[in-house]
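The structure appears right after this line, and notes come after that.
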Amino acid sequence: MDYLREIEGKAAHDCGGYLSNEKMIKWVPGPIIVGAGPSGLSAAACLKQRGVPSLVLERSNCIASLWQLKTYDRLRLHLPKHFCELPLMPFPEEFPIYPTKQQFIDYLEAYARRFDINPVFNSTVTRAEFDRSMGAWRVRSVGKEREEREYVSRWLVVATGENAEATMPEIEGREEFEGEIVHTSLYKSGEKFVGKRVLVVGCGNSGMEVCLDLCNHNAAPSLVVRDTVHILPREMLGRSTFGLSMWLLKWLPMSLVDRFLLLAARLTLGDTAQFGLARPHIGPLRLKNLSGKTPVLDIGTLDRIKSGDIKVYPGIRRLAQHTVEFVNGEEEKFDAIILATGYKSNVPSWLKEREMFSEEDGFPRKPFPNGWKGECGLYAVGFTKRGLLGASMDAKRIAEDIERCWKEEAEHLPQGYSRWLSPES
């Protein structure tokens with residue numbers, strides 16, 4: 001095809017223009033996938049199964065860097081393994097219902113080996129934009145040694161996900177506090193906090209589990225609950241709460257399933273509001289569907305709250321040298337603060353496109369299940385707010401869509417077209 005030669009010619013010409021002579025440009029015949037987490041791996045595997053090669057760029061030095069480098073030691077999958085498996089490959093039968101962090105990492109590494117997925121590691125994408133004159137995406141990256149590269153492809157798959165960057169809230173007086181303040185992305189275990197008074201900010205699944213871990217390591221944790229929260233038992237009637245919910249939704253409307261979940265939670269957990277954990281007015285499934293906010297699946301933290309081992313506070317007003325003042329006027333001394341305040345998308349910082357992705361939160365503007373495809377060969381995987389199950393659905397759709405035009409175009413690619421282009425070539 002003539003436009004392919006035009007792309008190569010323009011790329012080579014630009015090396016002498018706005019690009020430096022040290023920068024290398026590569027035409028990639030298949031899609032470029034940014035991110036080698038579970039979402040990116042899923043997309044690459046689904047494409048591979050359909051005979052479409054891809055190039056995966058990963059800023060870290062390993063696949064699934066969030067899991068390998070930024071999660072605590074005791075972490076397990078919160079949902080049963082069959083809801084968390086990636087496309088085309090189930091978990092090993094010998095794995096428990098709720099695999100450990102290391103078991104999940106082992107599964108992902110085996111997945112990458114099975115589908116021969118070999119990401120370009122230590123490659124941070126700094127800019128991606130669609131060049132209309134070329135009809136292709138230009139993706140710039142910086143390597144470990146600050147070397148610059150540019151990749152050109154007809155398709156771009158954004159797989160950096162919902163948890164690319166830690167969310168660090170602004171807290172008045174933070175610079176005055178003399179204790180340690182860390183995000184959960186840097187927390188490994190409660191071992192280093194033995195005997196210390198630790199304030200955990202955030203009551204999602206991570207915040208609740210970190211509190212439990214601190215208790216088990218003989219620390220004295222407290223929990224900041226700034227908003228309403230749905231807490232459900234991890235299992236109901238001998239089945240996982242999530243699995244039971246999915247089964248009930250096949251037969252009943254969401255409103256009735258929500259009522260059932262809240263009744264069962266009240267019978268098993270009691271009234272959580274009396275412990276400072278008020279529930280939202282909207283049911284857990286409805287809330288998840290509207291906002292993406294996941295209910296907490298309790299694995300023992302609530303019992304420690306009821307026993308007084310974990311004290312619950314409202315929001316923080318300000319920090320002082322050794323104390324924290326809360327919005328209700330109470331003050332308490334703490335040795336450390338752990339921010340379980342979640343993560344955010346970083347897409348707006350590098351993707352120069354404003355039609356598909358919102359500049360405010362870095363998520364696709366179209367709600368699930370329509371947020372996976374944009375214009376000009378742009379795709380998104382792992383932004384559904386529905387975990388690994390949603391990412392798998394996206395990956396399958398993306399691979400099917402790209403395959404439609406891939407085979408026709410691949411027939412016209414010159415031999416050896418995937419190569420480095422430099423000013424000397």
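As shown in the structure tokens, the chain order sets the letters A, B, ...; within each chain, residues go from 1, and ligands are also counted from 1 in the order they appear.
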query: Quick one: residues within 10 Å of Pro233 in chain A, only C-alpha atoms counted, chain neighbours fewer than 3 positions away excluded, as a list of chain:residue names?
result: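 With the cut-off at 10 Å, the set is A:Met236, A:Ser240, A:Thr241, A:Phe242, A:Leu261, A:Ala264, A:Ala265, A:Arg266, A:Thr268, A:Leu269, A:Pro295, A:Val296, A:Leu297, A:Asp298, A:Ile299, A:Gly300, A:Leu302.
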For the selection just defined, write its residues with N, CA, C and O atoms to a file, as a PDB file, in the first residue's frame.
ATOM      1  N   MET A 236     -21.586 -15.738  51.257  1.00  0.00           N
ATOM      2  CA  MET A 236     -22.956 -15.869  51.762  1.00  0.00           C
ATOM      3  C   MET A 236     -23.500 -17.232  51.340  1.00  0.00           C
ATOM      4  O   MET A 236     -23.302 -17.656  50.200  1.00  0.00           O
ATOM      5  N   SER A 240     -19.413 -17.483  47.224  1.00  0.00           N
ATOM      6  CA  SER A 240     -18.848 -16.133  47.234  1.00  0.00           C
ATOM      7  C   SER A 240     -19.975 -15.132  47.017  1.00  0.00           C
ATOM      8  O   SER A 240     -20.913 -15.379  46.240  1.00  0.00           O
ATOM      9  N   THR A 241     -19.908 -14.015  47.713  1.00  0.00           N
ATOM     10  CA  THR A 241     -20.938 -12.989  47.582  1.00  0.00           C
ATOM     11  C   THR A 241     -21.027 -12.489  46.142  1.00  0.00           C
ATOM     12  O   THR A 241     -22.124 -12.282  45.612  1.00  0.00           O
ATOM     13  N   PHE A 242     -19.884 -12.321  45.513  1.00  0.00           N
ATOM     14  CA  PHE A 242     -19.884 -11.847  44.126  1.00  0.00           C
ATOM     15  C   PHE A 242     -20.538 -12.876  43.204  1.00  0.00           C
ATOM     16  O   PHE A 242     -21.386 -12.542  42.368  1.00  0.00           O
ATOM     17  N   LEU A 261     -28.868  -8.670  49.325  1.00  0.00           N
ATOM     18  CA  LEU A 261     -27.500  -8.530  49.841  1.00  0.00           C
ATOM     19  C   LEU A 261     -27.477  -7.735  51.145  1.00  0.00           C
ATOM     20  O   LEU A 261     -26.767  -8.097  52.095  1.00  0.00           O
ATOM     21  N   ALA A 264     -28.960  -9.889  53.989  1.00  0.00           N
ATOM     22  CA  ALA A 264     -28.006 -10.917  54.408  1.00  0.00           C
ATOM     23  C   ALA A 264     -26.839 -10.296  55.169  1.00  0.00           C
ATOM     24  O   ALA A 264     -26.353 -10.856  56.159  1.00  0.00           O
ATOM     25  N   ALA A 265     -26.389  -9.127  54.719  1.00  0.00           N
ATOM     26  CA  ALA A 265     -25.286  -8.453  55.409  1.00  0.00           C
ATOM     27  C   ALA A 265     -25.707  -8.015  56.802  1.00  0.00           C
ATOM     28  O   ALA A 265     -24.937  -8.108  57.761  1.00  0.00           O
ATOM     29  N   ARG A 266     -26.934  -7.534  56.929  1.00  0.00           N
ATOM     30  CA  ARG A 266     -27.436  -7.098  58.241  1.00  0.00           C
ATOM     31  C   ARG A 266     -27.516  -8.285  59.204  1.00  0.00           C
ATOM     32  O   ARG A 266     -27.161  -8.170  60.394  1.00  0.00           O
ATOM     33  N   THR A 268     -25.715 -11.088  59.101  1.00  0.00           N
ATOM     34  CA  THR A 268     -24.400 -11.666  59.404  1.00  0.00           C
ATOM     35  C   THR A 268     -23.430 -10.680  60.052  1.00  0.00           C
ATOM     36  O   THR A 268     -22.628 -11.067  60.901  1.00  0.00           O
ATOM     37  N   LEU A 269     -23.517  -9.406  59.659  1.00  0.00           N
ATOM     38  CA  LEU A 269     -22.550  -8.413  60.143  1.00  0.00           C
ATOM     39  C   LEU A 269     -23.141  -7.446  61.159  1.00  0.00           C
ATOM     40  O   LEU A 269     -22.397  -6.785  61.879  1.00  0.00           O
ATOM     41  N   PRO A 295     -17.994  -2.448  46.777  1.00  0.00           N
ATOM     42  CA  PRO A 295     -18.249  -2.712  48.189  1.00  0.00           C
ATOM     43  C   PRO A 295     -17.065  -3.421  48.828  1.00  0.00           C
ATOM     44  O   PRO A 295     -16.304  -4.117  48.150  1.00  0.00           O
ATOM     45  N   VAL A 296     -16.906  -3.230  50.116  1.00  0.00           N
ATOM     46  CA  VAL A 296     -15.843  -3.910  50.851  1.00  0.00           C
ATOM     47  C   VAL A 296     -16.301  -5.332  51.159  1.00  0.00           C
ATOM     48  O   VAL A 296     -17.395  -5.544  51.689  1.00  0.00           O
ATOM     49  N   LEU A 297     -15.469  -6.302  50.831  1.00  0.00           N
ATOM     50  CA  LEU A 297     -15.742  -7.691  51.173  1.00  0.00           C
ATOM     51  C   LEU A 297     -14.955  -8.024  52.431  1.00  0.00           C
ATOM     52  O   LEU A 297     -13.728  -8.134  52.410  1.00  0.00           O
ATOM     53  N   ASP A 298     -15.658  -8.144  53.525  1.00  0.00           N
ATOM     54  CA  ASP A 298     -15.017  -8.274  54.838  1.00  0.00           C
ATOM     55  C   ASP A 298     -14.364  -9.641  55.026  1.00  0.00           C
ATOM     56  O   ASP A 298     -14.955 -10.680  54.733  1.00  0.00           O
ATOM     57  N   ILE A 299     -13.133  -9.623  55.517  1.00  0.00           N
ATOM     58  CA  ILE A 299     -12.415 -10.869  55.797  1.00  0.00           C
ATOM     59  C   ILE A 299     -11.957 -10.927  57.262  1.00  0.00           C
ATOM     60  O   ILE A 299     -11.050 -11.674  57.599  1.00  0.00           O
ATOM     61  N   GLY A 300     -12.592 -10.128  58.100  1.00  0.00           N
ATOM     62  CA  GLY A 300     -12.270 -10.166  59.524  1.00  0.00           C
ATOM     63  C   GLY A 300     -12.017  -8.821  60.154  1.00  0.00           C
ATOM     64  O   GLY A 300     -11.961  -8.700  61.381  1.00  0.00           O
ATOM     65  N   LEU A 302     -13.978  -6.195  60.314  1.00  0.00           N
ATOM     66  CA  LEU A 302     -15.132  -5.674  61.048  1.00  0.00           C
ATOM     67  C   LEU A 302     -15.176  -6.205  62.481  1.00  0.00           C
ATOM     68  O   LEU A 302     -15.527  -5.465  63.416  1.00  0.00           O
TER      69      LEU A 302
END
- request: Enumerate as JSON, numbers by chain all residues of range 1-239 of chain A assigned to helix (DSSP H, G or I) by DSSP on the backbone, naming them with the chain letters and numbers the document uses.
  value: {"A": [2, 3, 4, 5, 6, 7, 8, 9, 10, 11, 12, 13, 14, 38, 39, 40, 41, 42, 43, 44, 45, 46, 47, 48, 49, 65, 66, 67, 68, 69, 81, 82, 83, 101, 102, 103, 104, 105, 106, 107, 108, 109, 110, 111, 112, 113, 114, 184, 185, 186, 190, 191, 192, 193, 205, 206, 207, 208, 209, 210, 211, 212, 213, 214, 215, 216]}
message: List as JSON, numbers by chain the protein and nucleic acid residues near Thr294 in chain A, meaning an atom at most 8 Å away when only C-alpha atoms are counted, but skip any in the same chain fewer than 3 places from it.
response: {"A": [204, 284, 287, 288]}
- request: Tell me which protein, DNA and RNA residues are within 12 Å of Phe95 in chain A, counting only C-alpha atoms, leaving out same-chain ones fewer than 5 positions away, and put them as number ranges by chain.
  value: A: 76-77, 80-82, 85, 90, 100-104, 106-107
As a PDB file with all heavy atoms, in the first residue's frame, please: the residues near range 156-160 of chain A (cut-off 6 Å, only C-alpha atoms, same-chain neighbours under 3 positions excluded).
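The resulting file, part_17.pdb, is shown below:
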ATOM      1  N   PRO A  31      -0.756  -3.650  16.374  1.00  0.00           N
ATOM      2  CA  PRO A  31      -1.075  -2.615  17.354  1.00  0.00           C
ATOM      3  C   PRO A  31       0.054  -2.376  18.353  1.00  0.00           C
ATOM      4  O   PRO A  31       0.823  -3.285  18.679  1.00  0.00           O
ATOM      5  CB  PRO A  31      -2.317  -3.173  18.070  1.00  0.00           C
ATOM      6  CG  PRO A  31      -2.808  -4.289  17.228  1.00  0.00           C
ATOM      7  CD  PRO A  31      -1.629  -4.825  16.503  1.00  0.00           C
ATOM      8  N   ILE A  32       0.126  -1.154  18.850  1.00  0.00           N
ATOM      9  CA  ILE A  32       0.978  -0.824  20.001  1.00  0.00           C
ATOM     10  C   ILE A  32       0.086  -0.869  21.233  1.00  0.00           C
ATOM     11  O   ILE A  32      -0.966  -0.241  21.277  1.00  0.00           O
ATOM     12  CB  ILE A  32       1.598   0.578  19.847  1.00  0.00           C
ATOM     13  CG1 ILE A  32       2.524   0.624  18.635  1.00  0.00           C
ATOM     14  CG2 ILE A  32       2.355   0.971  21.125  1.00  0.00           C
ATOM     15  CD1 ILE A  32       3.022   2.030  18.307  1.00  0.00           C
ATOM     16  N   ILE A  33       0.524  -1.619  22.236  1.00  0.00           N
ATOM     17  CA  ILE A  33      -0.209  -1.724  23.500  1.00  0.00           C
ATOM     18  C   ILE A  33       0.623  -1.047  24.578  1.00  0.00           C
ATOM     19  O   ILE A  33       1.777  -1.416  24.794  1.00  0.00           O
ATOM     20  CB  ILE A  33      -0.466  -3.197  23.886  1.00  0.00           C
ATOM     21  CG1 ILE A  33      -1.288  -3.900  22.796  1.00  0.00           C
ATOM     22  CG2 ILE A  33      -1.177  -3.291  25.235  1.00  0.00           C
ATOM     23  CD1 ILE A  33      -1.450  -5.399  23.016  1.00  0.00           C
ATOM     24  N   VAL A  34       0.060  -0.054  25.234  1.00  0.00           N
ATOM     25  CA  VAL A  34       0.787   0.658  26.289  1.00  0.00           C
ATOM     26  C   VAL A  34       0.344   0.100  27.636  1.00  0.00           C
ATOM     27  O   VAL A  34      -0.786   0.318  28.074  1.00  0.00           O
ATOM     28  CB  VAL A  34       0.525   2.176  26.228  1.00  0.00           C
ATOM     29  CG1 VAL A  34       1.340   2.892  27.308  1.00  0.00           C
ATOM     30  CG2 VAL A  34       0.874   2.718  24.851  1.00  0.00           C
ATOM     31  N   GLY A  35       1.240  -0.642  28.288  1.00  0.00           N
ATOM     32  CA  GLY A  35       0.945  -1.228  29.587  1.00  0.00           C
ATOM     33  C   GLY A  35       0.983  -2.746  29.547  1.00  0.00           C
ATOM     34  O   GLY A  35       0.292  -3.366  28.735  1.00  0.00           O
ATOM     35  N   SER A  39      -4.452  -6.230  31.866  1.00  0.00           N
ATOM     36  CA  SER A  39      -5.230  -5.747  30.719  1.00  0.00           C
ATOM     37  C   SER A  39      -4.422  -5.798  29.430  1.00  0.00           C
ATOM     38  O   SER A  39      -4.897  -6.274  28.388  1.00  0.00           O
ATOM     39  CB  SER A  39      -5.716  -4.318  30.980  1.00  0.00           C
ATOM     40  OG  SER A  39      -6.581  -4.264  32.081  1.00  0.00           O
ATOM     41  N   GLY A  40      -3.201  -5.296  29.478  1.00  0.00           N
ATOM     42  CA  GLY A  40      -2.351  -5.324  28.294  1.00  0.00           C
ATOM     43  C   GLY A  40      -2.009  -6.731  27.856  1.00  0.00           C
ATOM     44  O   GLY A  40      -1.983  -7.042  26.656  1.00  0.00           O
ATOM     45  N   LEU A 378      -8.017   3.801  17.862  1.00  0.00           N
ATOM     46  CA  LEU A 378      -7.699   3.949  19.285  1.00  0.00           C
ATOM     47  C   LEU A 378      -8.627   3.060  20.112  1.00  0.00           C
ATOM     48  O   LEU A 378      -9.841   3.038  19.899  1.00  0.00           O
ATOM     49  CB  LEU A 378      -7.871   5.403  19.714  1.00  0.00           C
ATOM     50  CG  LEU A 378      -7.586   5.725  21.194  1.00  0.00           C
ATOM     51  CD1 LEU A 378      -6.137   5.431  21.547  1.00  0.00           C
ATOM     52  CD2 LEU A 378      -7.933   7.184  21.494  1.00  0.00           C
ATOM     53  N   TYR A 379      -8.027   2.336  21.080  1.00  0.00           N
ATOM     54  CA  TYR A 379      -8.788   1.410  21.915  1.00  0.00           C
ATOM     55  C   TYR A 379      -8.380   1.575  23.377  1.00  0.00           C
ATOM     56  O   TYR A 379      -7.298   2.075  23.697  1.00  0.00           O
ATOM     57  CB  TYR A 379      -8.534  -0.035  21.482  1.00  0.00           C
ATOM     58  CG  TYR A 379      -8.940  -0.337  20.061  1.00  0.00           C
ATOM     59  CD1 TYR A 379      -8.039  -0.146  19.012  1.00  0.00           C
ATOM     60  CD2 TYR A 379     -10.217  -0.800  19.759  1.00  0.00           C
ATOM     61  CE1 TYR A 379      -8.403  -0.412  17.697  1.00  0.00           C
ATOM     62  CE2 TYR A 379     -10.586  -1.081  18.450  1.00  0.00           C
ATOM     63  CZ  TYR A 379      -9.680  -0.877  17.425  1.00  0.00           C
ATOM     64  OH  TYR A 379     -10.049  -1.138  16.137  1.00  0.00           O
ATOM     65  N   ALA A 380      -9.263   1.113  24.263  1.00  0.00           N
ATOM     66  CA  ALA A 380      -8.987   1.140  25.704  1.00  0.00           C
ATOM     67  C   ALA A 380      -9.350  -0.208  26.305  1.00  0.00           C
ATOM     68  O   ALA A 380     -10.415  -0.754  26.028  1.00  0.00           O
ATOM     69  CB  ALA A 380      -9.799   2.239  26.385  1.00  0.00           C
ATOM     70  N   VAL A 381      -8.481  -0.724  27.151  1.00  0.00           N
ATOM     71  CA  VAL A 381      -8.738  -1.983  27.841  1.00  0.00           C
ATOM     72  C   VAL A 381      -8.406  -1.795  29.320  1.00  0.00           C
ATOM     73  O   VAL A 381      -7.373  -1.242  29.670  1.00  0.00           O
ATOM     74  CB  VAL A 381      -7.921  -3.149  27.229  1.00  0.00           C
ATOM     75  CG1 VAL A 381      -6.429  -2.855  27.226  1.00  0.00           C
ATOM     76  CG2 VAL A 381      -8.208  -4.448  27.965  1.00  0.00           C
TER      77      VAL A 381
END
